[in-house]
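J.: Here's a structure for you.
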Amino acid sequence: MPNPTPSPTRIEAIGHSSLGRPLLVYHHGSPQAPLRLFFLCGQHGDERAVQRAAERFSLALEASPELLGHQLQVAILPSANPDGTALRTRHNAQGLDLNRDHLHLLTPETQAIHRFVAQWRPHLTVDMHNFPSRRLHLLNRGVRLAWDLCLDFPTNPAVPLRDGHPLFASLSETLDQRLSAAGFRFGRYTMVEPNGSSRHGTPQRLDARNVLALRYGAPVVLLEARNPSARNAPHDPRHIRRATLLACHELLRWATAHAASLLAPPPAPTRVPLRSRRRKAASPLPIPVIQLATGQPELLLSAPYRPSVQGRRSVSLPLAYAVPRTETTILALLRRHGIFPTAPSPIPGCQLIPVTPATGPLLALLLEAESSFGLHQNHSVRRITNLTETSYIEALS
Ligand SMILES: [Zn+2]
């Protein structure tokens, strides 16, 4: 096969930070390539190592466009929070944590990310961070976390492509093999709590990976590289950068090999779980750690371990939700998610929000009274479940 025609890097400003800094996406590969991968980096401004790794990755793709083959195009946003990076803060200049703002979209940065995803429609999004290996309760036990790089998946039970899906198991296995063979410590991202319990992900906080996967149906993974900063010894930025770049390159290979699955994600569910419960595992989880005194690796047994999240209180999706016009906060939030009412509304005093396969799971989590994420707990939003309730179907067509 001939080499693909080199396509120069295109730089797109997808929006601006709250202080007016541009959010720059670097596009690599042919715009005609069918499979689109989005690397979202630096939502937390103080995680600078992963932003530098993303810039290196972009330069590597510019120098060697053949890495993308014929099937892939890649978009890289190295610095999603340029104000936080300039101010050396986790939060943006409004004092908000971008990765906790994907449900409400109150920041210009998350709004720009969602607009970009809605328009560019990546088949896989990689949300990249740095994690601290030195946590106080571990230091008190004389150890720090050993992983160089961790992977995780959406955990909210309403997300179709989530923890436990075979596609993610395959990606995890591939990265584990490649990174371990190259001498890096790889694992699944795990939170070890001060009380010794451990779990993956935060289904109760709808972060980028969960909300982007919910809203757009395509897989999202979390890539967490150990923070190699001087403040967070060991200070080994090159080692961590090599691990991060190796994972990024391996992701390209894996995505090409799984193009058919990524191009045809599973259909959106018709029933949506509104709450979740963590199952306790029968045995504790061995967490790889490093002894601070000797530098030797050991396994810390973390119990209780709660590996999986189970959905509860599932509802069938209605045909539409009727939201009173007075619920301006809800209607504005839906608009920020690109979800608009039908006009004109056939129900007096209400805006009618049609439920589609694409919007259904997110709408249910936002609007159902029983949802733990529900914006309304007062039953003022009506579920429209049958055609006799209204003639709204004409308004939809
Ligand atoms: Zn982070």
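A note on labels: chains of the structure tokens are A, B, ... as shown, every chain counts residues from 1, and ligands are counted from 1 in their shown order.
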Got a sec: who's within 12 Å of Ser261 (chain A), counting only C-alpha atoms, leaving out chain neighbours fewer than 3 positions off, as a VMD selection string?
T.: chain A and resid 35 123 to 124 161 165 to 168 170 218 to 219 254 to 258 264 to 266
J.: So that I have them on file, write out the residues from the current selection with N, CA and C atoms, as a PDB file, in the first residue's frame.
T.:
```
ATOM      1  N   LEU A  35     -11.859   7.201  10.704  1.00  0.00           N
ATOM      2  CA  LEU A  35     -11.871   6.986  12.159  1.00  0.00           C
ATOM      3  C   LEU A  35     -11.227   8.182  12.871  1.00  0.00           C
ATOM      4  N   HIS A 123     -14.676   9.020  17.369  1.00  0.00           N
ATOM      5  CA  HIS A 123     -15.089   7.640  17.649  1.00  0.00           C
ATOM      6  C   HIS A 123     -14.443   7.122  18.917  1.00  0.00           C
ATOM      7  N   LEU A 124     -13.414   7.807  19.378  1.00  0.00           N
ATOM      8  CA  LEU A 124     -12.788   7.479  20.669  1.00  0.00           C
ATOM      9  C   LEU A 124     -12.202   8.771  21.220  1.00  0.00           C
ATOM     10  N   LEU A 161     -21.273   2.221  26.626  1.00  0.00           N
ATOM     11  CA  LEU A 161     -19.907   1.694  26.513  1.00  0.00           C
ATOM     12  C   LEU A 161     -19.152   2.039  27.782  1.00  0.00           C
ATOM     13  N   HIS A 165     -17.042  -3.571  29.249  1.00  0.00           N
ATOM     14  CA  HIS A 165     -17.278  -3.822  27.824  1.00  0.00           C
ATOM     15  C   HIS A 165     -16.039  -4.503  27.210  1.00  0.00           C
ATOM     16  N   PRO A 166     -16.235  -5.525  26.343  1.00  0.00           N
ATOM     17  CA  PRO A 166     -15.094  -6.244  25.767  1.00  0.00           C
ATOM     18  C   PRO A 166     -14.088  -5.342  25.042  1.00  0.00           C
ATOM     19  N   LEU A 167     -14.578  -4.258  24.440  1.00  0.00           N
ATOM     20  CA  LEU A 167     -13.674  -3.341  23.748  1.00  0.00           C
ATOM     21  C   LEU A 167     -12.651  -2.751  24.726  1.00  0.00           C
ATOM     22  N   PHE A 168     -13.127  -2.406  25.908  1.00  0.00           N
ATOM     23  CA  PHE A 168     -12.229  -1.819  26.899  1.00  0.00           C
ATOM     24  C   PHE A 168     -11.294  -2.877  27.484  1.00  0.00           C
ATOM     25  N   SER A 170     -10.106  -5.347  25.867  1.00  0.00           N
ATOM     26  CA  SER A 170      -9.075  -5.539  24.850  1.00  0.00           C
ATOM     27  C   SER A 170      -8.039  -4.412  24.886  1.00  0.00           C
ATOM     28  N   ALA A 218     -20.131   7.535  21.975  1.00  0.00           N
ATOM     29  CA  ALA A 218     -18.856   6.935  21.555  1.00  0.00           C
ATOM     30  C   ALA A 218     -17.983   6.685  22.787  1.00  0.00           C
ATOM     31  N   PRO A 219     -17.065   5.700  22.697  1.00  0.00           N
ATOM     32  CA  PRO A 219     -16.250   5.391  23.860  1.00  0.00           C
ATOM     33  C   PRO A 219     -15.309   6.518  24.279  1.00  0.00           C
ATOM     34  N   TRP A 254      -4.085   0.197  18.232  1.00  0.00           N
ATOM     35  CA  TRP A 254      -5.260  -0.550  18.720  1.00  0.00           C
ATOM     36  C   TRP A 254      -6.535  -0.060  18.012  1.00  0.00           C
ATOM     37  N   ALA A 255      -6.661   1.275  17.857  1.00  0.00           N
ATOM     38  CA  ALA A 255      -7.868   1.831  17.219  1.00  0.00           C
ATOM     39  C   ALA A 255      -7.957   1.368  15.766  1.00  0.00           C
ATOM     40  N   THR A 256      -6.818   1.333  15.064  1.00  0.00           N
ATOM     41  CA  THR A 256      -6.824   0.877  13.677  1.00  0.00           C
ATOM     42  C   THR A 256      -7.277  -0.581  13.607  1.00  0.00           C
ATOM     43  N   ALA A 257      -6.761  -1.404  14.540  1.00  0.00           N
ATOM     44  CA  ALA A 257      -7.123  -2.829  14.547  1.00  0.00           C
ATOM     45  C   ALA A 257      -8.597  -3.037  14.917  1.00  0.00           C
ATOM     46  N   HIS A 258      -9.188  -2.096  15.665  1.00  0.00           N
ATOM     47  CA  HIS A 258     -10.588  -2.237  16.109  1.00  0.00           C
ATOM     48  C   HIS A 258     -11.492  -1.221  15.421  1.00  0.00           C
ATOM     49  N   ALA A 264     -18.897   1.447  14.690  1.00  0.00           N
ATOM     50  CA  ALA A 264     -20.296   1.030  14.899  1.00  0.00           C
ATOM     51  C   ALA A 264     -20.539   0.768  16.382  1.00  0.00           C
ATOM     52  N   PRO A 265     -20.630   1.834  17.190  1.00  0.00           N
ATOM     53  CA  PRO A 265     -20.854   1.634  18.625  1.00  0.00           C
ATOM     54  C   PRO A 265     -22.228   1.017  18.894  1.00  0.00           C
ATOM     55  N   PRO A 266     -22.422   0.417  20.077  1.00  0.00           N
ATOM     56  CA  PRO A 266     -23.702  -0.231  20.366  1.00  0.00           C
ATOM     57  C   PRO A 266     -24.844   0.781  20.394  1.00  0.00           C
TER      58      PRO A 266
END
```
J.: Once you count only C-alpha atoms and all ligand atoms, which residues end up within 10 Å of ligand 1, and could you hand them over as a ChimeraX atom specification?
T.: /A:41-48,50,90-91,97-99,127-132,222-225,227
J.: One decimal, in Å: what's the spacing between CA of Arg121 (chain A) and CA of Gly201 (chain A)?
T.: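 Between CA of Arg121 (chain A) and CA of Gly201 (chain A) the gap works out to 24.0 Å.
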J.: Return the single residue from A:Pro160, A:Pro228, A:Pro108, A:Gly20 that is closest to Arg134 (chain A), with distances computed using only C-alpha atoms.
T.: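 Among the listed residues, A:Pro228 lies closest to Arg134 (chain A).
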J.: CA of Gly69 (chain A) and CA of Ala260 (chain A) are how many Å apart?
T.: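 A separation of 15.2 Å between them.
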J.: One number please: CA of Pro286 (chain A) to CA of Leu299 (chain A), in Å, one decimal.
T.: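 Here the two named atoms are 5.5 Å from each other.
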J.: Compare A:Gly311, A:Pro267, A:Gly295, A:Pro284 by their minimum atom-to-atom distance to Gly360 (chain A), counting only C-alpha atoms, and give me the closest one.
T.: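 Closest to Gly360 (chain A), using only C-alpha atoms: A:Pro267.
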J.: Among region 43-222 of chain A, which residues does DSSP mark as strand (DSSP E) when it is run on the backbone? Keep the chain and numbering as in the structure and answer as a VMD selection string.
T.: chain A and resid 72 to 77 124 to 131 143 to 145 149 to 152 186 to 188 191 to 192 198 to 199 220 to 222
J.: For Thr329 (chain A), work out the shell of residues within 12 Å, counting only C-alpha atoms and skipping chain neighbours fewer than 2 positions away, then give it as an MDAnalysis selection string.
T.: chainID A and resid 104:106 323:327 331:336 366 375:376
J.: Take the selection from the previous step and output its residues with N, CA and C atoms, as a PDB file, in the first residue's frame.
T.:
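Dumped everything to out_21.pdb:
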```
ATOM      1  N   HIS A 104     -22.991  20.348  33.924  1.00  0.00           N
ATOM      2  CA  HIS A 104     -23.617  21.676  33.951  1.00  0.00           C
ATOM      3  C   HIS A 104     -23.094  22.618  32.869  1.00  0.00           C
ATOM      4  N   LEU A 105     -21.867  22.393  32.408  1.00  0.00           N
ATOM      5  CA  LEU A 105     -21.266  23.215  31.341  1.00  0.00           C
ATOM      6  C   LEU A 105     -21.343  24.713  31.669  1.00  0.00           C
ATOM      7  N   LEU A 106     -20.800  25.074  32.835  1.00  0.00           N
ATOM      8  CA  LEU A 106     -20.821  26.469  33.258  1.00  0.00           C
ATOM      9  C   LEU A 106     -19.586  27.236  32.820  1.00  0.00           C
ATOM     10  N   VAL A 323     -41.158  20.373  29.977  1.00  0.00           N
ATOM     11  CA  VAL A 323     -40.501  21.184  31.004  1.00  0.00           C
ATOM     12  C   VAL A 323     -41.204  22.540  31.074  1.00  0.00           C
ATOM     13  N   PRO A 324     -41.705  22.929  32.259  1.00  0.00           N
ATOM     14  CA  PRO A 324     -42.359  24.244  32.360  1.00  0.00           C
ATOM     15  C   PRO A 324     -41.411  25.360  31.908  1.00  0.00           C
ATOM     16  N   ARG A 325     -41.996  26.347  31.209  1.00  0.00           N
ATOM     17  CA  ARG A 325     -41.173  27.463  30.722  1.00  0.00           C
ATOM     18  C   ARG A 325     -40.491  28.212  31.864  1.00  0.00           C
ATOM     19  N   THR A 326     -41.073  28.095  33.060  1.00  0.00           N
ATOM     20  CA  THR A 326     -40.494  28.796  34.215  1.00  0.00           C
ATOM     21  C   THR A 326     -39.197  28.142  34.693  1.00  0.00           C
ATOM     22  N   GLU A 327     -38.955  26.889  34.253  1.00  0.00           N
ATOM     23  CA  GLU A 327     -37.718  26.185  34.658  1.00  0.00           C
ATOM     24  C   GLU A 327     -36.569  26.631  33.746  1.00  0.00           C
ATOM     25  N   LEU A 331     -33.829  24.580  31.197  1.00  0.00           N
ATOM     26  CA  LEU A 331     -33.869  24.786  29.750  1.00  0.00           C
ATOM     27  C   LEU A 331     -32.535  25.336  29.234  1.00  0.00           C
ATOM     28  N   ALA A 332     -31.913  26.232  30.025  1.00  0.00           N
ATOM     29  CA  ALA A 332     -30.612  26.783  29.605  1.00  0.00           C
ATOM     30  C   ALA A 332     -29.556  25.681  29.607  1.00  0.00           C
ATOM     31  N   LEU A 333     -29.610  24.803  30.614  1.00  0.00           N
ATOM     32  CA  LEU A 333     -28.638  23.705  30.680  1.00  0.00           C
ATOM     33  C   LEU A 333     -28.797  22.773  29.481  1.00  0.00           C
ATOM     34  N   LEU A 334     -30.039  22.458  29.138  1.00  0.00           N
ATOM     35  CA  LEU A 334     -30.262  21.581  27.983  1.00  0.00           C
ATOM     36  C   LEU A 334     -29.723  22.231  26.711  1.00  0.00           C
ATOM     37  N   ARG A 335     -29.938  23.538  26.576  1.00  0.00           N
ATOM     38  CA  ARG A 335     -29.415  24.239  25.392  1.00  0.00           C
ATOM     39  C   ARG A 335     -27.896  24.129  25.325  1.00  0.00           C
ATOM     40  N   ARG A 336     -27.225  24.242  26.521  1.00  0.00           N
ATOM     41  CA  ARG A 336     -25.751  24.123  26.513  1.00  0.00           C
ATOM     42  C   ARG A 336     -25.323  22.731  26.057  1.00  0.00           C
ATOM     43  N   LEU A 366     -30.818  13.730  33.812  1.00  0.00           N
ATOM     44  CA  LEU A 366     -31.026  15.126  34.202  1.00  0.00           C
ATOM     45  C   LEU A 366     -32.433  15.387  34.717  1.00  0.00           C
ATOM     46  N   LEU A 375     -32.106  17.386  38.148  1.00  0.00           N
ATOM     47  CA  LEU A 375     -32.083  18.816  38.415  1.00  0.00           C
ATOM     48  C   LEU A 375     -33.377  19.249  39.064  1.00  0.00           C
ATOM     49  N   HIS A 376     -34.409  18.457  38.871  1.00  0.00           N
ATOM     50  CA  HIS A 376     -35.677  18.831  39.444  1.00  0.00           C
ATOM     51  C   HIS A 376     -36.085  17.664  40.333  1.00  0.00           C
TER      52      HIS A 376
END
```
J.: Determine, counting only C-alpha atoms, which protein, DNA and RNA residues have an atom within 12 Å of an atom of Tyr189 (chain A); residues of the same chain fewer than 3 positions away are not included. Present the result as a ChimeraX atom specification.
T.: /A:129-133,145-155,163,172,185-186,192,198-202,221-226,287-288,307
J.: Using only C-alpha atoms, pick whichever of A:Ser79, A:Thr270, A:Thr110, A:Thr89 has the shortest atom-to-atom distance to Leu362 (chain A).
T.: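 Nearest candidate to Leu362 (chain A) out of A:Ser79, A:Thr270, A:Thr110, A:Thr89: A:Thr270.
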J.: Pull the helix (DSSP H, G or I) assignments for region 168-248 of chain A out of DSSP run on the backbone, and list those residues as a ChimeraX atom specification.
T.: /A:168-181,208-216,230-232,237-248
J.: Go ahead and dump the residues you just picked, C-alpha atoms, as a PDB file, in the first residue's frame.
T.:
```pdb
ATOM      1  CA  PHE A 168     -12.229  -1.819  26.899  1.00  0.00           C
ATOM      2  CA  ALA A 169     -10.944  -5.181  28.141  1.00  0.00           C
ATOM      3  CA  SER A 170      -9.075  -5.539  24.850  1.00  0.00           C
ATOM      4  CA  LEU A 171      -7.572  -2.042  25.089  1.00  0.00           C
ATOM      5  CA  SER A 172      -6.535  -2.618  28.687  1.00  0.00           C
ATOM      6  CA  GLU A 173      -4.837  -5.915  27.804  1.00  0.00           C
ATOM      7  CA  THR A 174      -3.015  -4.372  24.826  1.00  0.00           C
ATOM      8  CA  LEU A 175      -1.676  -1.432  26.845  1.00  0.00           C
ATOM      9  CA  ASP A 176      -0.738  -3.729  29.726  1.00  0.00           C
ATOM     10  CA  GLN A 177       1.293  -5.991  27.440  1.00  0.00           C
ATOM     11  CA  ARG A 178       3.081  -3.182  25.603  1.00  0.00           C
ATOM     12  CA  LEU A 179       3.840  -1.008  28.621  1.00  0.00           C
ATOM     13  CA  SER A 180       4.887  -3.912  30.854  1.00  0.00           C
ATOM     14  CA  ALA A 181       7.187  -5.257  28.124  1.00  0.00           C
ATOM     15  CA  ALA A 208     -15.678  14.232  31.131  1.00  0.00           C
ATOM     16  CA  ARG A 209     -15.445  10.517  30.429  1.00  0.00           C
ATOM     17  CA  ASN A 210     -18.941   9.767  31.737  1.00  0.00           C
ATOM     18  CA  VAL A 211     -20.794  12.758  30.267  1.00  0.00           C
ATOM     19  CA  LEU A 212     -19.095  12.743  26.848  1.00  0.00           C
ATOM     20  CA  ALA A 213     -19.821   9.003  26.577  1.00  0.00           C
ATOM     21  CA  LEU A 214     -23.434   9.513  27.709  1.00  0.00           C
ATOM     22  CA  ARG A 215     -24.160  12.421  25.414  1.00  0.00           C
ATOM     23  CA  TYR A 216     -22.364  11.261  22.271  1.00  0.00           C
ATOM     24  CA  ALA A 230       9.771  17.805  41.504  1.00  0.00           C
ATOM     25  CA  ARG A 231       7.185  18.298  44.257  1.00  0.00           C
ATOM     26  CA  ASN A 232       5.922  14.770  43.759  1.00  0.00           C
ATOM     27  CA  PRO A 237       9.529  13.396  33.799  1.00  0.00           C
ATOM     28  CA  ARG A 238      11.292  11.631  30.910  1.00  0.00           C
ATOM     29  CA  HIS A 239      10.319   8.178  32.148  1.00  0.00           C
ATOM     30  CA  ILE A 240       6.662   9.191  32.486  1.00  0.00           C
ATOM     31  CA  ARG A 241       6.670  11.022  29.152  1.00  0.00           C
ATOM     32  CA  ARG A 242       8.006   7.905  27.429  1.00  0.00           C
ATOM     33  CA  ALA A 243       5.250   5.824  29.035  1.00  0.00           C
ATOM     34  CA  THR A 244       2.583   8.354  27.994  1.00  0.00           C
ATOM     35  CA  LEU A 245       3.842   8.566  24.400  1.00  0.00           C
ATOM     36  CA  LEU A 246       4.095   4.794  24.128  1.00  0.00           C
ATOM     37  CA  ALA A 247       0.466   4.514  25.291  1.00  0.00           C
ATOM     38  CA  CYS A 248      -0.653   7.170  22.765  1.00  0.00           C
TER      39      CYS A 248
END
```
J.: From the list A:Ser18, A:Ser197, A:Thr125, A:Ser30, which residue is nearest Thr107 (chain A) when using only C-alpha atoms?
T.: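 Using only C-alpha atoms, Thr107 (chain A) sits closest to A:Ser18.
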J.: Applying 6 Å and only C-alpha atoms, which residues near His28 (chain A) remain after dropping the ones on its own chain fewer than 2 positions away? List them as a list of chain:residue names.
T.: A:Thr9, A:Gln73, A:Val74
J.: With distances taken over only C-alpha atoms, which of A:Phe39, A:Pro273, A:Ser58, A:Pro82 is nearest to His16 (chain A)?
T.: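 Checking each candidate against His16 (chain A), we get A:Pro82 as the closest.
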J.: Which one of A:Ile347, A:Leu352, A:Ala322, A:Ile14 sits closest to Gln119 (chain A) if you count only C-alpha atoms?
T.: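 Going through A:Ile347, A:Leu352, A:Ala322, A:Ile14 one by one, the smallest distance to Gln119 (chain A) is for A:Ile14.
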